[in-house]
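Here is the file upload-v9.csv (CSV, C-alpha atoms).
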```
chain,number,residue,atom,x,y,z
X,1,MET,CA,81.3,49.7,39.8
X,2,ASN,CA,84.0,48.0,41.9
X,3,SER,CA,82.5,45.5,44.3
X,4,ILE,CA,82.5,41.8,43.4
X,5,GLU,CA,78.7,41.9,43.5
X,6,GLU,CA,78.4,44.8,41.1
X,7,LYS,CA,80.8,43.1,38.7
X,8,LEU,CA,78.9,39.8,38.9
X,9,TRP,CA,75.5,41.5,38.3
X,10,ASP,CA,77.0,43.1,35.2
X,11,TYR,CA,78.2,39.7,34.1
X,12,ILE,CA,74.8,38.1,34.7
X,13,ASP,CA,73.0,40.9,32.9
X,14,GLY,CA,75.5,40.9,30.1
X,15,THR,CA,76.0,44.7,30.4
X,16,CYS,CA,79.8,44.7,30.6
X,17,PRO,CA,82.2,44.7,27.6
X,18,PRO,CA,83.3,41.4,26.1
X,19,ALA,CA,86.9,41.7,27.6
X,20,GLU,CA,85.5,42.2,31.1
X,21,GLN,CA,83.0,39.4,30.5
X,22,GLU,CA,85.8,37.0,29.8
X,23,ALA,CA,87.9,38.2,32.8
X,24,ILE,CA,84.9,37.7,35.1
X,25,ALA,CA,84.3,34.2,33.7
X,26,THR,CA,87.9,33.3,34.4
X,27,LEU,CA,87.6,34.6,38.0
X,28,ILE,CA,84.4,32.6,38.6
X,29,GLU,CA,86.2,29.5,37.4
X,30,GLN,CA,89.3,30.1,39.5
X,31,ASP,CA,88.3,32.1,42.6
X,32,GLU,CA,86.2,30.4,45.2
X,33,VAL,CA,84.8,33.7,46.6
X,34,TYR,CA,83.7,34.7,43.1
X,35,ARG,CA,82.2,31.3,42.4
X,36,LYS,CA,80.2,31.3,45.6
X,37,LYS,CA,78.9,34.8,45.1
X,38,TYR,CA,78.1,34.1,41.5
X,39,ASN,CA,76.0,31.1,42.4
X,40,GLU,CA,74.2,33.0,45.1
X,41,LEU,CA,73.4,35.9,42.7
X,42,LEU,CA,72.4,33.5,39.9
X,43,GLN,CA,69.9,31.9,42.2
X,44,LEU,CA,68.6,35.3,43.3
X,45,ASN,CA,68.3,36.4,39.7
X,46,MET,CA,66.2,33.3,38.9
X,47,GLU,CA,64.0,34.1,41.9
X,48,PHE,CA,63.5,37.7,40.9
X,49,ALA,CA,62.7,36.6,37.3
X,50,SER,CA,60.0,34.3,38.7
X,51,MET,CA,58.0,37.1,40.3
X,52,GLU,CA,54.3,37.0,39.5
X,53,VAL,CA,52.5,39.6,37.5
X,54,GLU,CA,49.3,40.9,39.0
X,55,GLU,CA,45.9,40.3,37.3
X,56,PRO,CA,43.3,43.1,37.2
X,57,SER,CA,39.6,42.5,37.5
X,58,MET,CA,37.7,40.7,34.8
X,59,ALA,CA,35.9,43.8,33.7
X,60,PHE,CA,39.1,45.8,33.2
X,61,THR,CA,39.2,45.9,29.4
X,62,TYR,CA,35.4,46.5,29.3
X,63,ASN,CA,35.7,49.4,31.7
X,64,VAL,CA,38.5,51.0,29.6
X,65,MET,CA,36.6,50.6,26.3
X,66,GLU,CA,33.4,51.8,27.9
X,67,THR,CA,35.1,55.0,29.1
X,68,ILE,CA,36.5,55.5,25.6
X,69,ARG,CA,33.1,55.0,24.0
X,70,THR,CA,31.4,57.4,26.4
X,71,GLU,CA,34.0,60.0,25.7
X,72,HIS,CA,33.3,59.6,21.9
X,73,ALA,CA,29.6,59.9,22.5
X,74,LYS,CA,30.0,63.1,24.6
X,75,GLN,CA,31.5,64.9,21.6
X,76,PRO,CA,29.1,67.7,20.7
X,77,LEU,CA,27.0,67.1,17.6
X,78,LYS,CA,28.0,70.5,16.2
X,79,ALA,CA,31.6,69.3,15.9
X,80,THR,CA,30.6,66.1,14.0
X,81,ILE,CA,28.5,67.9,11.3
X,82,ASP,CA,30.4,68.5,8.2
X,83,LYS,CA,30.6,72.3,7.4
X,84,ARG,CA,30.0,71.5,3.7
X,85,ILE,CA,26.5,70.3,4.5
X,86,ILE,CA,25.6,73.6,6.2
X,87,LEU,CA,27.1,75.5,3.3
X,88,GLY,CA,25.2,73.4,0.8
X,89,ILE,CA,21.8,74.0,2.6
X,90,SER,CA,22.6,77.8,2.9
X,91,ALA,CA,23.4,77.9,-0.8
X,92,PHE,CA,20.2,76.1,-1.7
X,93,PHE,CA,18.1,78.6,0.2
X,94,VAL,CA,19.9,81.6,-1.1
X,95,LEU,CA,19.6,80.5,-4.7
X,96,THR,CA,15.9,79.7,-4.3
X,97,LEU,CA,15.2,83.0,-2.7
X,98,ALA,CA,17.1,84.8,-5.4
X,99,ALA,CA,15.2,82.9,-8.1
X,100,LEU,CA,11.9,83.7,-6.5
X,101,LEU,CA,12.8,87.3,-6.2
X,102,ILE,CA,13.8,87.5,-9.8
X,103,TYR,CA,10.6,85.8,-10.9
X,104,ALA,CA,8.5,88.1,-8.8
X,105,LEU,CA,10.2,91.2,-10.1
X,106,SER,CA,9.8,90.1,-13.7
X,107,MET,CA,6.0,89.6,-13.1
X,108,VAL,CA,5.5,93.1,-11.8
X,109,ASN,CA,3.7,95.5,-14.2
X,110,TRP,CA,5.8,98.6,-13.6
X,111,SER,CA,3.6,100.9,-15.7
X,112,ALA,CA,0.4,100.0,-13.9
X,113,GLY,CA,0.9,102.6,-11.1
X,114,SER,CA,1.7,105.6,-13.4
X,115,GLY,CA,-1.9,106.9,-13.6
X,116,PHE,CA,-2.5,106.8,-9.9
X,117,LYS,CA,-4.4,109.7,-8.4
X,118,MET,CA,-5.0,110.3,-4.8
X,119,PRO,CA,-8.7,110.7,-4.0
X,120,ASP,CA,-9.8,114.1,-2.7
X,121,GLN,CA,-11.5,112.6,0.4
X,122,LEU,CA,-10.2,109.3,1.7
X,123,ASN,CA,-13.1,107.2,3.1
X,124,LEU,CA,-11.5,104.7,5.5
X,125,THR,CA,-14.7,102.8,6.0
X,126,GLN,CA,-14.9,102.0,2.3
X,127,LEU,CA,-11.3,101.2,2.0
X,128,LYS,CA,-10.7,97.6,1.2
X,129,VAL,CA,-7.4,96.4,2.8
X,130,THR,CA,-6.2,93.1,1.5
X,131,HIS,CA,-5.5,90.8,4.4
X,132,ILE,CA,-1.8,89.7,4.6
X,133,SER,CA,-2.8,86.0,4.9
X,134,SER,CA,-4.0,86.1,1.3
X,135,TYR,CA,-0.4,86.3,0.2
X,136,PHE,CA,0.5,83.2,2.1
X,137,THR,CA,-1.8,80.7,0.5
X,138,GLY,CA,-0.7,77.3,-0.5
X,139,PRO,CA,1.2,74.7,1.6
X,140,VAL,CA,4.4,74.9,-0.5
X,141,VAL,CA,4.8,78.7,0.0
X,142,LYS,CA,4.0,78.2,3.7
X,143,GLY,CA,6.6,75.5,4.0
X,144,PHE,CA,9.2,77.5,2.1
X,145,LEU,CA,8.6,80.5,4.4
X,146,PHE,CA,8.9,78.3,7.5
X,147,PHE,CA,12.3,77.0,6.3
X,148,ASP,CA,13.4,80.6,5.5
X,149,VAL,CA,12.5,81.7,9.0
X,150,VAL,CA,14.3,78.8,10.6
X,151,MET,CA,17.4,79.4,8.4
X,152,GLY,CA,17.3,83.0,9.2
X,153,LEU,CA,17.2,82.3,12.9
X,154,PHE,CA,20.0,79.8,12.5
X,155,LEU,CA,22.3,82.2,10.7
X,156,LEU,CA,21.4,85.0,13.2
X,157,ASP,CA,22.3,82.6,16.1
X,158,ASN,CA,25.6,81.7,14.3
X,159,TYR,CA,26.4,85.4,13.8
X,160,LEU,CA,25.7,86.2,17.5
X,161,ARG,CA,27.8,83.3,18.7
X,162,ARG,CA,30.7,84.3,16.6
X,163,LYS,CA,30.4,87.9,17.8
X,164,SER,CA,30.3,86.9,21.5
X,165,ALA,CA,33.3,84.5,20.9
X,166,THR,CA,35.5,87.3,19.5
X,167,ARG,CA,34.8,89.5,22.6
Q,1,MET,CA,41.5,35.0,22.7
Q,2,GLN,CA,44.2,37.6,22.1
Q,3,SER,CA,45.1,39.0,18.7
Q,4,LYS,CA,48.2,37.7,16.9
Q,5,LEU,CA,48.8,41.0,15.3
Q,6,SER,CA,51.8,43.1,16.4
Q,7,ASP,CA,51.4,46.2,18.6
Q,8,ILE,CA,52.1,48.5,15.6
Q,9,GLU,CA,49.5,46.7,13.5
Q,10,LEU,CA,46.9,47.0,16.2
Q,11,ILE,CA,47.7,50.7,16.7
Q,12,GLU,CA,47.3,51.3,12.9
Q,13,GLN,CA,43.9,49.6,13.0
Q,14,THR,CA,42.9,51.6,16.0
Q,15,LEU,CA,43.9,54.9,14.3
Q,16,GLY,CA,41.8,53.7,11.3
Q,17,GLY,CA,38.8,53.7,13.6
Q,18,ASN,CA,38.7,50.0,14.7
Q,19,GLN,CA,38.1,50.2,18.5
Q,20,SER,CA,38.2,46.5,19.0
Q,21,ALA,CA,41.9,46.6,17.9
Q,22,TYR,CA,42.6,48.9,20.9
Q,23,ALA,CA,40.7,46.4,23.2
Q,24,ASP,CA,43.2,43.8,22.0
Q,25,LEU,CA,46.1,46.1,22.9
Q,26,VAL,CA,44.6,46.7,26.3
Q,27,LYS,CA,44.1,42.9,26.9
Q,28,ARG,CA,47.7,42.3,25.9
Q,29,HIS,CA,49.3,44.9,28.2
Q,30,GLN,CA,46.8,45.2,31.1
Q,31,ARG,CA,48.5,42.7,33.4
Q,32,PHE,CA,51.8,44.4,33.3
Q,33,VAL,CA,50.4,47.9,33.4
Q,34,PHE,CA,48.3,46.9,36.4
Q,35,THR,CA,51.3,45.4,38.1
Q,36,LEU,CA,53.3,48.6,37.6
Q,37,ALA,CA,50.4,50.6,39.0
Q,38,MET,CA,50.3,48.2,42.0
Q,39,ARG,CA,54.0,49.2,42.8
Q,40,PHE,CA,52.8,52.7,43.4
Q,41,ALA,CA,49.2,52.4,44.7
Q,42,LYS,CA,49.5,49.4,47.1
Q,43,GLY,CA,45.8,48.8,46.7
Q,44,ARG,CA,43.9,47.1,43.9
Q,45,GLU,CA,41.2,49.7,43.5
Q,46,ASP,CA,43.7,52.6,43.2
Q,47,ALA,CA,45.9,50.5,40.9
Q,48,GLU,CA,43.0,49.7,38.6
Q,49,GLU,CA,42.1,53.4,38.5
Q,50,ILE,CA,45.7,54.3,37.6
Q,51,ALA,CA,45.9,51.5,35.0
Q,52,GLN,CA,42.6,52.5,33.4
Q,53,ASP,CA,43.6,56.1,33.3
Q,54,CYS,CA,46.8,55.2,31.5
Q,55,PHE,CA,45.1,53.2,28.8
Q,56,ILE,CA,42.6,56.1,28.2
Q,57,LYS,CA,45.5,58.6,28.1
Q,58,ALA,CA,47.4,56.3,25.7
Q,59,TYR,CA,44.3,56.1,23.5
Q,60,ARG,CA,43.9,59.8,23.4
Q,61,SER,CA,47.5,60.4,22.3
Q,62,LEU,CA,47.9,57.3,20.2
Q,63,SER,CA,48.3,59.4,17.0
Q,64,ALA,CA,51.2,61.2,18.7
Q,65,PHE,CA,53.1,57.9,19.2
Q,66,GLN,CA,56.1,58.2,16.9
Q,67,GLN,CA,57.1,54.5,16.8
Q,68,GLN,CA,60.6,55.4,17.7
Q,69,SER,CA,60.5,53.1,20.7
Q,70,LYS,CA,58.5,50.0,21.6
Q,71,PHE,CA,54.8,50.6,22.3
Q,72,SER,CA,55.3,49.0,25.7
Q,73,THR,CA,58.1,51.5,26.5
Q,74,TRP,CA,55.9,54.4,25.5
Q,75,LEU,CA,53.0,53.0,27.5
Q,76,TYR,CA,55.1,52.4,30.6
Q,77,SER,CA,56.3,56.0,30.5
Q,78,ILE,CA,52.6,57.1,30.6
Q,79,VAL,CA,52.1,54.6,33.6
Q,80,TYR,CA,55.1,56.0,35.4
Q,81,THR,CA,54.0,59.7,35.0
Q,82,THR,CA,50.4,58.9,35.9
Q,83,ALA,CA,51.5,56.9,38.9
Q,84,MET,CA,53.8,59.6,40.1
Q,85,THR,CA,51.0,62.2,39.8
Q,86,PHE,CA,48.8,59.8,41.7
Q,87,LEU,CA,51.4,59.6,44.5
Q,88,ARG,CA,51.7,63.3,44.7
Q,89,LYS,CA,47.9,63.8,44.8
Q,90,LYS,CA,47.2,61.1,47.4
Q,91,ARG,CA,50.3,61.9,49.4
Q,92,ILE,CA,50.8,58.2,50.1
Q,93,ASP,CA,53.7,57.4,52.4
Q,94,THR,CA,56.2,56.3,49.9
Q,95,SER,CA,58.8,55.2,52.5
Q,96,SER,CA,59.5,51.5,53.0
Q,97,ILE,CA,58.2,49.8,56.0
Q,98,ASP,CA,61.3,50.2,58.1
Q,99,ASP,CA,62.1,53.7,56.7
Q,100,ASP,CA,65.6,52.5,55.9
Q,101,GLU,CA,66.9,54.4,53.0
Q,102,SER,CA,70.4,53.0,53.1
Q,103,TYR,CA,71.0,49.5,52.3
Q,104,ILE,CA,73.2,47.2,54.3
Q,105,GLN,CA,76.0,45.5,52.4
Q,106,ILE,CA,76.1,41.9,53.2
Q,107,GLU,CA,79.4,40.7,51.9
Q,108,GLY,CA,81.0,37.3,52.4
Q,109,LYS,CA,77.9,36.1,54.0
Q,110,SER,CA,75.9,33.5,52.2
Q,111,SER,CA,72.2,34.2,51.6
Q,112,GLY,CA,70.5,32.9,54.6
Q,113,TYR,CA,67.0,32.6,53.3
Q,114,ASP,CA,67.6,29.5,51.2
Q,115,GLU,CA,68.7,27.6,54.4
Q,116,TYR,CA,65.1,27.8,55.6
Q,117,ASN,CA,62.4,25.5,54.5
Q,118,VAL,CA,59.2,27.3,55.0
Q,119,GLU,CA,56.5,25.0,53.7
Q,120,ASN,CA,53.3,26.7,54.4
Q,121,LYS,CA,53.8,29.6,52.0
Q,122,SER,CA,55.3,29.7,48.5
Q,123,ARG,CA,58.5,31.6,47.7
Q,124,SER,CA,56.7,33.8,45.3
Q,125,TYR,CA,54.5,35.0,48.2
Q,126,TYR,CA,57.6,36.1,50.1
Q,127,LEU,CA,59.0,37.7,47.0
Q,128,ASN,CA,55.8,39.7,46.3
Q,129,GLN,CA,55.7,40.7,50.0
Q,130,ALA,CA,59.3,41.9,49.8
Q,131,ILE,CA,58.6,43.9,46.5
Q,132,GLU,CA,55.6,45.5,48.2
Q,133,GLN,CA,58.0,46.8,50.9
Q,134,LEU,CA,60.3,48.5,48.5
Q,135,LEU,CA,60.2,52.1,47.5
Q,136,PRO,CA,58.0,52.6,44.3
Q,137,ASP,CA,61.0,53.5,42.2
Q,138,ASP,CA,63.0,50.4,43.2
Q,139,ALA,CA,59.9,48.1,42.7
Q,140,THR,CA,59.3,49.7,39.3
Q,141,ILE,CA,62.8,49.2,38.1
Q,142,ILE,CA,62.9,45.6,39.2
Q,143,THR,CA,59.5,44.9,37.7
Q,144,MET,CA,60.3,46.5,34.4
Q,145,PHE,CA,63.7,44.8,34.2
Q,146,TYR,CA,62.5,41.3,35.0
Q,147,LYS,CA,59.0,41.2,33.7
Q,148,GLY,CA,58.6,44.1,31.3
Q,149,GLU,CA,61.2,43.0,28.8
Q,150,GLN,CA,62.8,46.4,29.0
Q,151,SER,CA,66.5,47.1,28.6
Q,152,LEU,CA,68.3,49.6,30.9
Q,153,GLU,CA,68.1,52.2,28.2
Q,154,GLU,CA,64.3,51.7,27.8
Q,155,ILE,CA,63.8,51.9,31.6
Q,156,ALA,CA,65.8,55.1,31.5
Q,157,GLN,CA,63.5,56.4,28.8
Q,158,VAL,CA,60.4,55.5,30.9
Q,159,MET,CA,61.8,57.2,34.0
Q,160,GLY,CA,63.4,60.1,32.3
Q,161,ILE,CA,66.9,59.4,33.7
Q,162,GLU,CA,70.2,58.3,32.4
Q,163,ALA,CA,70.8,54.6,31.6
Q,164,ASN,CA,73.8,54.6,34.0
Q,165,THR,CA,71.6,55.9,36.8
Q,166,VAL,CA,69.2,53.1,36.1
Q,167,LYS,CA,72.1,50.6,36.4
Q,168,VAL,CA,73.0,51.9,39.8
Q,169,LYS,CA,69.4,52.1,40.9
Q,170,LEU,CA,68.8,48.5,39.8
Q,171,PHE,CA,71.8,47.3,41.7
Q,172,ARG,CA,70.6,49.0,44.9
Q,173,ALA,CA,67.1,47.8,44.3
Q,174,ARG,CA,68.3,44.2,44.1
Q,175,GLN,CA,70.3,44.7,47.3
Q,176,ARG,CA,67.3,46.0,49.1
Q,177,LEU,CA,65.0,43.3,47.8
Q,178,LYS,CA,67.4,40.7,48.8
Q,179,GLU,CA,67.5,42.1,52.4
Q,180,LYS,CA,63.8,42.4,52.7
Q,181,LEU,CA,63.4,38.8,51.4
Q,182,GLU,CA,65.9,37.5,54.0
Q,183,ARG,CA,64.3,39.6,56.8
Q,184,ASN,CA,60.8,38.4,56.0
Q,185,LEU,CA,61.8,34.7,55.8
Q,186,LYS,CA,63.8,35.0,59.0
Q,187,HIS,CA,60.8,36.6,60.7
Q,188,GLU,CA,58.5,33.8,59.4
Q,189,VAL,CA,60.9,31.1,60.7
Q,190,LYS,CA,61.0,32.8,64.1
Q,191,GLU,CA,57.2,32.8,64.2
Q,192,LEU,CA,57.1,29.2,63.3
Q,193,ILE,CA,59.5,28.3,66.1
```

Would you encode the structure as structure tokens?
Amino acid sequence: MNSIEEKLWDYIDGTCPPAEQEAIATLIEQDEVYRKKYNELLQLNMEFASMEVEEPSMAFTYNVMETIRTEHAKQPLKATIDKRIILGISAFFVLTLAALLIYALSMVNWSAGSGFKMPDQLNLTQLKVTHISSYFTGPVVKGFLFFDVVMGLFLLDNYLRRKSATR
Amino acid sequence: MQSKLSDIELIEQTLGGNQSAYADLVKRHQRFVFTLAMRFAKGREDAEEIAQDCFIKAYRSLSAFQQQSKFSTWLYSIVYTTAMTFLRKKRIDTSSIDDDESYIQIEGKSSGYDEYNVENKSRSYYLNQAIEQLLPDDATIITMFYKGEQSLEEIAQVMGIEANTVKVKLFRARQRLKEKLERNLKHEVKELI
């Protein structure tokens, strides 16, 4: 930083130490070369400071915010679902199933089958097989089974996904 | 109408989920960010793309803003990095119009351009024209110093260089700008004659 111009720019910008600032101020007052150059640079400085800032298009802010909104919307639903909700649903079904199982087991007459004797000749034509649909009567039971199946598939899917992710 | 809240207050609101606060931040800084982008892209479309990209990047990493510097300084560093990446990608010819890297020292000679009275075009037009002819780095330093309210230290932070280097670069950039301004005005006067 030796040239007159460099010193004067420092003086104009106020980046030189106070002692140097004073020395340059004295030089500007006394030296014609310094004064002329100082006035020239001061004028340039004013000119540079008056430069115009560009204006983007009218829709600029809208475009930025729209892109941000789209990015938010693109986030997978899976990530936005709280895990506690899934755990809650799972717990509800597990507890219901367990309660039903306990109730069913408590209703079974365990001594009923003790006197069973196989027939000597099994006549298949006379055999009455209870149709499976008879067990699934009632809309509540059907609905419950439907949810169980869906839940089972969901958990299976979850398990398979995790398995493939660990590979 | 722009928000009267400070940048930091708007950032806090944005982080709290208020997207319109970020829109206010964009409105506040868009002109300068776009101007900086123009120093690199030289075309409005590309500059707008860069500027938009910068605001989206800033939004994504807003939570990482430590508030150790001004928001504008942090934002301009994103602009600088994004614009440099853009230049590398597009391989734009970054050389000035006359490919003159070295500046000519004009000492003891008064600035000639103020002797001319060019009436048909404003001085700001010639200044903008001269800035466009500068190297992106020179134009960026001058723009940040005069219009971005950034100190030499802050410019250094944006550009990832030493403050003293910025000081030297600023001096050289001013020299080059002065030369270009004089040359353009002389050329204009010759054409008029």

* To do: When you get a sec, could you note down which chain X residues fall within 6 Å of chain Q, using all atoms listed in the file, as a list in words?
  =>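 The selection requested is Ala49, Val53, Glu54, Glu55 and Val64 of chain X.
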
* **Shortest interatomic distance to X:Leu41 - which of X:Asp82, X:Glu29, X:Glu5, X:Glu22, counting only C-alpha atoms** =>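 Nearest to X:Leu41: X:Glu5.
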
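Relative to atom CA of X:Ile24, atom CA of X:Ile4 is found at 9.6 Å.
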
* Got a sec: who's within 12 Å of Q:Ala173, counting all atoms listed in the file, leaving out chain neighbours fewer than 5 positions off, as a VMD selection string? -> (chain X and resid 48) or (chain Q and resid 101 to 104 130 to 131 133 to 143 145 165 to 168 178 to 180)

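What separates atom CA of X:Cys16 from atom CA of X:Ser50 is a distance of 23.8 Å.
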
* Quick one: pull the distance between atom CA of Q:Met144 and atom CA of Q:Gln157, Å, one decimal. => 11.8 Å

* **Neighbour residues at most 10 Å from (71.2, 39.4, 33.9) (all atoms listed in the file) as a PyMOL selection string** => (chain X and resi 8-15+41-42+45-46+49) or (chain Q and resi 145-146)

* To do: Using all atoms listed in the file, determine which residues lie at most 12 Å from X:Phe144, disregarding the query and same-chain residues fewer than 4 positions distant; provide the list as a ChimeraX atom specification.
  => /X:92-94,96-97,100,136-140,148-151

* To do: Excluding Q:Glu153 and residues on its chain fewer than 6 positions from it, collect all residues at most 9 Å away from it, counting only C-alpha atoms, and give them as a ChimeraX atom specification.
  => /Q:162-164,166

Atoms kept (C-alpha atoms) for selection, written as an mmCIF file, in the coordinates of the input:
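After the write, selection16.cif holds the following:
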```cif
data_model
loop_
_atom_site.group_PDB
_atom_site.id
_atom_site.type_symbol
_atom_site.label_atom_id
_atom_site.label_comp_id
_atom_site.auth_asym_id
_atom_site.auth_seq_id
_atom_site.Cartn_x
_atom_site.Cartn_y
_atom_site.Cartn_z
ATOM 1 C CA GLU Q 162 70.200 58.300 32.400
ATOM 2 C CA ALA Q 163 70.800 54.600 31.600
ATOM 3 C CA ASN Q 164 73.800 54.600 34.000
ATOM 4 C CA VAL Q 166 69.200 53.100 36.100
#
```

* **Shortest interatomic distance to Q:Gln68 - which of Q:Asn18, Q:Glu154, Q:Glu149, Q:Thr85, counting all atoms listed in the file** =>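 Using all atoms listed in the file, the shortest distance to Q:Gln68 belongs to Q:Glu154.
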